[in-house]
Amino acid sequence: MAADEVRRHNLGTVLERLHLAGPLSRSSLTKTTGLNRSTIADLLAELTVNGLVEERPGAPGSGPGRPSPVVQVRPHRASALAVELAVDSIAVATVGLGGHAYNLVRVARPRGRFSPEETVQDVAKLAGPLLDSLPAEHRLVGVGVAVVGITRRSDGFVHLAPNLGWRDVPLASMLASELDLGAPVLAANEADLGALAEHRRGRQPGVANLVYISGEVGIGAGVIVDGKPLLGSAGYAGEAGHTLVNPDGSVCRCGAVGCWETEAGEGALLRRAGVPEGTGRLDEVAERAAAGDEPTLRAIEEVGRWLGLGIGNLINLFNPDLVVLGGLYQRLFTFLEPSVLEGARHQALQAPHQTVTIGCSGLGPDASLVGAAELVMSRVIADPANFDGPSVRGRASAQRSVR
Ligand SMILES: [Zn+2]
């Protein structure tokens with residue numbers, strides 16, 4: 001590596017440490033990064049000049065000598081707008097470096113209102129007040145969007161979102177022009193971003209090999225291999241919901257027959273539980289399950305077995321340390337757990353099964369939204385010396401006020 005590459009890498013390492021761990025003493029930063037004291041001092045000086053970190057005197061400890069200064073990120077210097085486009089809801093949050101969410105709104109929406117044009121307008125309406133409420137010194141480094149669809153990473157182009165009824169939607173560029181913030185818009189698949197969030201801030205931060213399975217109306221999977229997201233050639237990897245599990249199954253919204261999500265997705269659960277499809281129907285299933293309703297519990301058990309079978313396949317493919325269930329599976333995990341574990345044990349080979357833990361997301365319903373913010377922060381961490389963003393109260397705010 002060339003010297004400036006090494007330096008960029010080290011700046012990113014230090015910033016990422018502080019972004020994920022919170023305030024750290026200089027000495028523990030030295031220990032955890034493996035860099036020497038003078039290098040750390042040098043890197044911190046540059047990050048301080050960029051305004052990304054600040055130092056304060058450490059509290060006096062029991063040991064001899066001066067206490068090590070404490071370093072922390074300056075959250076407002078790099079803020080992100082995070083957006084999640086789910087089937088039943090839209091969520092928007094403002095998040096600072098370090099991961100603190102200033103504000104978060106999630107609104108339910110009827111399944112009929114799905115056109116991309118209306119959706120980007122809805123996002124802009126939700127985002128406006130959130131951005132306006134941030135003090136003017138906040139710099140917006142980007143907009144991260146998690147979407148339930150097959151999304152090209154390079155330009156945020158949604159090829160297919162069967163459960164939104166979208167095909168070939170240039171989502172990132174539509175949002176960029178609707179929001180008009182002067183900051184880049186990055187869009188990616190919601191399960192991929194759920195995986196990123198779990199990897200960075202979930203139940204086992206930093207876990208090297210992780211599969212995140214998101215249950216929305218469909219099923220998506222995000223995969224982390226050796227600490228890095230598995231994206232595939234264009235970012236389409238992880239469409240596990242559309243792998244064949246039952247050749248005698250029903251027709252999927254993608255056009256194929258017997259996809260995993262036709263057996264273990266929300267539709268299958270509602271059908272088996274005898275609940276009509278629609279917004280809010282899962283609440284009914286959850287309530288009945290909590291009340292011990294036998295037919296509902298049997299329906300959940302059946303879906304859990306199919307879910308476990310697919311998880312077993314993923315365990316065989318990726319040999320993960322951790323499989324995390326999000327979305328509706330996180331919500332119903334207590335009821336699903338026994339049959340999911342049994343299904344996975346049945347399908348997975350013994351060796352990879354022995355080392356895997358299967359659990360539900362520690363981030364709750366906002367995993368993908370957290371991941372959308374992390375996607376933006378990744379850009380800052382990749383090159384802390386060369387980033388900047390407009391003020392959150394920039395031109396869009398001026399325009400919003402005259403609309
Ligand atoms: Zn399918």
# chains A, B, ... in the order shown; residues from 1 in each chain; ligands from 1
call {"tool": "residues_around", "arguments": {"residues": "Glu342 of chain A", "least_positions_apart": "3", "cutoff": "12 Å", "atoms": "only C-alpha atoms", "output": "number ranges by chain"}}
result
A: 301-312, 336-339, 345-348, 353, 358
call {"tool": "write_last_selection", "arguments": {"atoms": "C-alpha atoms", "output": "PDB file, in the first residue's frame"}}
result
ATOM      1  CA  GLU A 301     -45.027 -23.700  13.833  1.00  0.00           C
ATOM      2  CA  GLU A 302     -45.569 -24.774  10.218  1.00  0.00           C
ATOM      3  CA  VAL A 303     -44.108 -21.493   8.883  1.00  0.00           C
ATOM      4  CA  GLY A 304     -41.237 -21.874  11.349  1.00  0.00           C
ATOM      5  CA  ARG A 305     -40.367 -25.285   9.902  1.00  0.00           C
ATOM      6  CA  TRP A 306     -40.180 -23.859   6.356  1.00  0.00           C
ATOM      7  CA  LEU A 307     -38.231 -20.907   7.666  1.00  0.00           C
ATOM      8  CA  GLY A 308     -35.838 -23.261   9.447  1.00  0.00           C
ATOM      9  CA  LEU A 309     -35.430 -25.374   6.321  1.00  0.00           C
ATOM     10  CA  GLY A 310     -34.333 -22.313   4.326  1.00  0.00           C
ATOM     11  CA  ILE A 311     -32.036 -21.240   7.159  1.00  0.00           C
ATOM     12  CA  GLY A 312     -30.487 -24.704   7.071  1.00  0.00           C
ATOM     13  CA  LEU A 336     -41.264 -19.417  15.983  1.00  0.00           C
ATOM     14  CA  GLU A 337     -38.062 -20.370  17.761  1.00  0.00           C
ATOM     15  CA  PRO A 338     -38.628 -24.107  18.475  1.00  0.00           C
ATOM     16  CA  SER A 339     -39.751 -25.017  14.945  1.00  0.00           C
ATOM     17  CA  ARG A 345     -31.123 -28.614  12.473  1.00  0.00           C
ATOM     18  CA  HIS A 346     -32.896 -31.017  10.139  1.00  0.00           C
ATOM     19  CA  GLN A 347     -31.651 -29.349   6.956  1.00  0.00           C
ATOM     20  CA  ALA A 348     -28.170 -28.143   7.877  1.00  0.00           C
ATOM     21  CA  HIS A 353     -24.718 -26.407  12.329  1.00  0.00           C
ATOM     22  CA  ILE A 358     -29.713 -18.580  15.566  1.00  0.00           C
TER      23      ILE A 358
END
call {"tool": "select_by_dssp", "arguments": {"residues": "segment 103-294 of chain A", "states": "strand (DSSP E or B)", "output": "MDAnalysis selection string"}}
result
chainID A and resid 103:108 139:147 150:152 157:161 166:169 185:189 210:215 219:225 228:229 244 251 257 259
call {"tool": "select_by_dssp", "arguments": {"residues": "segment 251-357 of chain A", "states": "alpha helix (DSSP H)", "output": "MDAnalysis selection string"}}
result
chainID A and resid 260:264 266:273 281:290 294:318 328:331 333:347 350:354
call {"tool": "residues_near_ligand", "arguments": {"ligand": "ligand 1", "cutoff": "8 Å", "atoms": "only C-alpha atoms and all ligand atoms", "output": "compact mmCIF listing (two decimals) with N, CA, C and O atoms, in the first residue's frame"}}
result
# COMPACT_ATOMS: atom_id res chain seq x y z
N GLY A 241 -35.16 -15.31 -0.57
CA GLY A 241 -36.62 -15.46 -0.60
C GLY A 241 -37.10 -16.07 -1.91
O GLY A 241 -38.17 -16.66 -1.97
N HIS A 242 -36.28 -15.93 -2.96
CA HIS A 242 -36.67 -16.46 -4.26
C HIS A 242 -35.81 -17.65 -4.67
O HIS A 242 -35.49 -17.84 -5.84
N THR A 243 -35.43 -18.44 -3.68
CA THR A 243 -34.83 -19.73 -4.00
C THR A 243 -35.91 -20.79 -3.81
O THR A 243 -36.82 -20.64 -2.99
N VAL A 251 -47.48 -20.04 -6.74
CA VAL A 251 -46.78 -19.08 -7.59
C VAL A 251 -46.39 -17.86 -6.75
O VAL A 251 -47.19 -17.34 -5.99
N CYS A 252 -45.15 -17.46 -6.92
CA CYS A 252 -44.61 -16.33 -6.16
C CYS A 252 -44.86 -15.02 -6.92
O CYS A 252 -45.08 -15.02 -8.12
N ARG A 253 -44.78 -13.90 -6.21
CA ARG A 253 -44.93 -12.61 -6.87
C ARG A 253 -43.83 -12.33 -7.88
O ARG A 253 -43.96 -11.48 -8.74
N CYS A 254 -42.73 -13.06 -7.76
CA CYS A 254 -41.64 -12.88 -8.73
C CYS A 254 -41.91 -13.64 -10.02
O CYS A 254 -41.20 -13.47 -11.00
N GLY A 255 -42.92 -14.51 -10.02
CA GLY A 255 -43.27 -15.25 -11.23
C GLY A 255 -42.89 -16.73 -11.16
O GLY A 255 -43.43 -17.54 -11.90
N ALA A 256 -41.94 -17.07 -10.29
CA ALA A 256 -41.53 -18.47 -10.16
C ALA A 256 -42.50 -19.22 -9.22
O ALA A 256 -43.42 -18.63 -8.66
N VAL A 257 -42.28 -20.51 -9.10
CA VAL A 257 -43.14 -21.35 -8.27
C VAL A 257 -42.35 -21.88 -7.07
O VAL A 257 -41.20 -22.28 -7.21
N GLY A 258 -42.99 -21.88 -5.90
CA GLY A 258 -42.42 -22.55 -4.74
C GLY A 258 -41.23 -21.86 -4.10
O GLY A 258 -40.41 -22.50 -3.44
N CYS A 259 -41.13 -20.53 -4.29
CA CYS A 259 -40.04 -19.78 -3.63
C CYS A 259 -40.18 -19.89 -2.11
O CYS A 259 -41.26 -20.10 -1.58
N TRP A 260 -39.05 -19.68 -1.44
CA TRP A 260 -39.03 -19.75 0.03
C TRP A 260 -40.12 -18.86 0.63
O TRP A 260 -40.82 -19.23 1.56
N GLU A 261 -40.29 -17.64 0.06
CA GLU A 261 -41.24 -16.73 0.68
C GLU A 261 -42.70 -17.14 0.47
O GLU A 261 -43.57 -16.70 1.21
N THR A 262 -42.97 -18.02 -0.52
CA THR A 262 -44.35 -18.50 -0.66
C THR A 262 -44.69 -19.50 0.45
O THR A 262 -45.85 -19.75 0.74
call {"tool": "residues_around", "arguments": {"residues": "segment 18-34 of chain A", "least_positions_apart": "4", "cutoff": "6 Å", "atoms": "only C-alpha atoms", "output": "JSON, numbers by chain"}}
result
{"A": [68, 69, 70, 71, 72, 98]}
call {"tool": "closest_residue", "arguments": {"among": "A:Gly232, A:Gly202, A:Gly227, A:Gly96", "to": "Leu81 of chain A", "atoms": "only C-alpha atoms"}}
result
A:Gly96
call {"tool": "closest_residue", "arguments": {"among": "A:Gly194, A:Gly128, A:Gly343, A:Pro162", "to": "Ile213 of chain A", "atoms": "only C-alpha atoms"}}
result
A:Gly194
call {"tool": "atom_distance", "arguments": {"atom1": "atom CA of Ala78 of chain A", "atom2": "atom CA of His138 of chain A"}}
result
7.1 Å
call {"tool": "residues_around", "arguments": {"residues": "Ile300 of chain A", "least_positions_apart": "5", "cutoff": "8 Å", "atoms": "only C-alpha atoms", "output": "CSV table (one decimal) with N, CA, C and O atoms, in the first residue's frame"}}
result
chain,number,residue,atom,x,y,z
A,269,LEU,N,-48.0,-17.3,6.3
A,269,LEU,CA,-48.4,-17.3,7.7
A,269,LEU,C,-49.9,-16.9,7.9
A,269,LEU,O,-50.6,-17.6,8.6
A,273,ALA,N,-52.9,-19.3,9.1
A,273,ALA,CA,-53.6,-18.9,10.4
A,273,ALA,C,-55.0,-18.5,10.1
A,273,ALA,O,-55.8,-18.2,11.0
A,335,PHE,N,-42.5,-17.5,19.5
A,335,PHE,CA,-43.4,-18.6,19.0
A,335,PHE,C,-42.7,-19.4,17.9
A,335,PHE,O,-43.0,-20.6,17.8
A,336,LEU,N,-41.9,-18.7,17.1
A,336,LEU,CA,-41.3,-19.4,16.0
A,336,LEU,C,-40.1,-20.3,16.4
A,336,LEU,O,-39.7,-21.3,15.7
call {"tool": "closest_residue", "arguments": {"among": "A:Gly327, A:Ala3, A:Thr334, A:Pro57", "to": "Ala221 of chain A", "atoms": "only C-alpha atoms"}}
result
A:Gly327
call {"tool": "atom_distance", "arguments": {"atom1": "atom CA of Val53 of chain A", "atom2": "atom CA of Ser79 of chain A"}}
result
13.5 Å
call {"tool": "atom_distance", "arguments": {"atom1": "atom CA of Val123 of chain A", "atom2": "atom CA of Pro170 of chain A"}}
result
15.1 Å
call {"tool": "closest_residue", "arguments": {"among": "A:Gly149, A:Gly265, A:Pro116, A:Pro184", "to": "Ala237 of chain A", "atoms": "only C-alpha atoms"}}
result
A:Gly149
call {"tool": "decode", "arguments": {"residues": "segment 331-347 of chain A", "atoms": "N, CA and C atoms", "output": "short mmCIF file (atom, residue, chain, number, x, y, z; two decimals), in the first residue's frame"}}
result
data_model
loop_
_atom_site.label_atom_id
_atom_site.label_comp_id
_atom_site.auth_asym_id
_atom_site.auth_seq_id
_atom_site.Cartn_x
_atom_site.Cartn_y
_atom_site.Cartn_z
N ARG A 331 -40.43 -10.25 15.55
CA ARG A 331 -41.64 -9.99 16.33
C ARG A 331 -42.26 -11.27 16.89
N LEU A 332 -42.24 -12.32 16.08
CA LEU A 332 -42.90 -13.57 16.50
C LEU A 332 -41.90 -14.61 16.98
N PHE A 333 -40.68 -14.16 17.27
CA PHE A 333 -39.59 -15.12 17.51
C PHE A 333 -39.90 -16.11 18.63
N THR A 334 -40.49 -15.63 19.71
CA THR A 334 -40.79 -16.53 20.84
C THR A 334 -41.59 -17.74 20.37
N PHE A 335 -42.53 -17.49 19.48
CA PHE A 335 -43.39 -18.59 19.02
C PHE A 335 -42.72 -19.41 17.92
N LEU A 336 -41.90 -18.75 17.12
CA LEU A 336 -41.26 -19.42 15.98
C LEU A 336 -40.06 -20.26 16.39
N GLU A 337 -39.40 -19.85 17.45
CA GLU A 337 -38.06 -20.37 17.76
C GLU A 337 -37.96 -21.90 17.73
N PRO A 338 -38.84 -22.65 18.45
CA PRO A 338 -38.63 -24.11 18.47
C PRO A 338 -38.66 -24.74 17.09
N SER A 339 -39.65 -24.36 16.26
CA SER A 339 -39.75 -25.02 14.95
C SER A 339 -38.67 -24.53 13.98
N VAL A 340 -38.25 -23.28 14.12
CA VAL A 340 -37.15 -22.77 13.29
C VAL A 340 -35.86 -23.54 13.61
N LEU A 341 -35.58 -23.68 14.88
CA LEU A 341 -34.35 -24.39 15.28
C LEU A 341 -34.40 -25.84 14.81
N GLU A 342 -35.59 -26.46 14.93
CA GLU A 342 -35.75 -27.84 14.50
C GLU A 342 -35.58 -27.96 12.97
N GLY A 343 -36.22 -27.06 12.23
CA GLY A 343 -36.12 -27.07 10.76
C GLY A 343 -34.68 -26.88 10.30
N ALA A 344 -33.98 -25.96 10.94
CA ALA A 344 -32.59 -25.68 10.56
C ALA A 344 -31.69 -26.87 10.89
N ARG A 345 -31.93 -27.46 12.07
CA ARG A 345 -31.12 -28.61 12.47
C ARG A 345 -31.31 -29.77 11.49
N HIS A 346 -32.55 -29.93 11.05
CA HIS A 346 -32.90 -31.02 10.14
C HIS A 346 -32.21 -30.84 8.78
N GLN A 347 -32.15 -29.60 8.31
CA GLN A 347 -31.65 -29.35 6.96
C GLN A 347 -30.13 -29.14 6.90
#
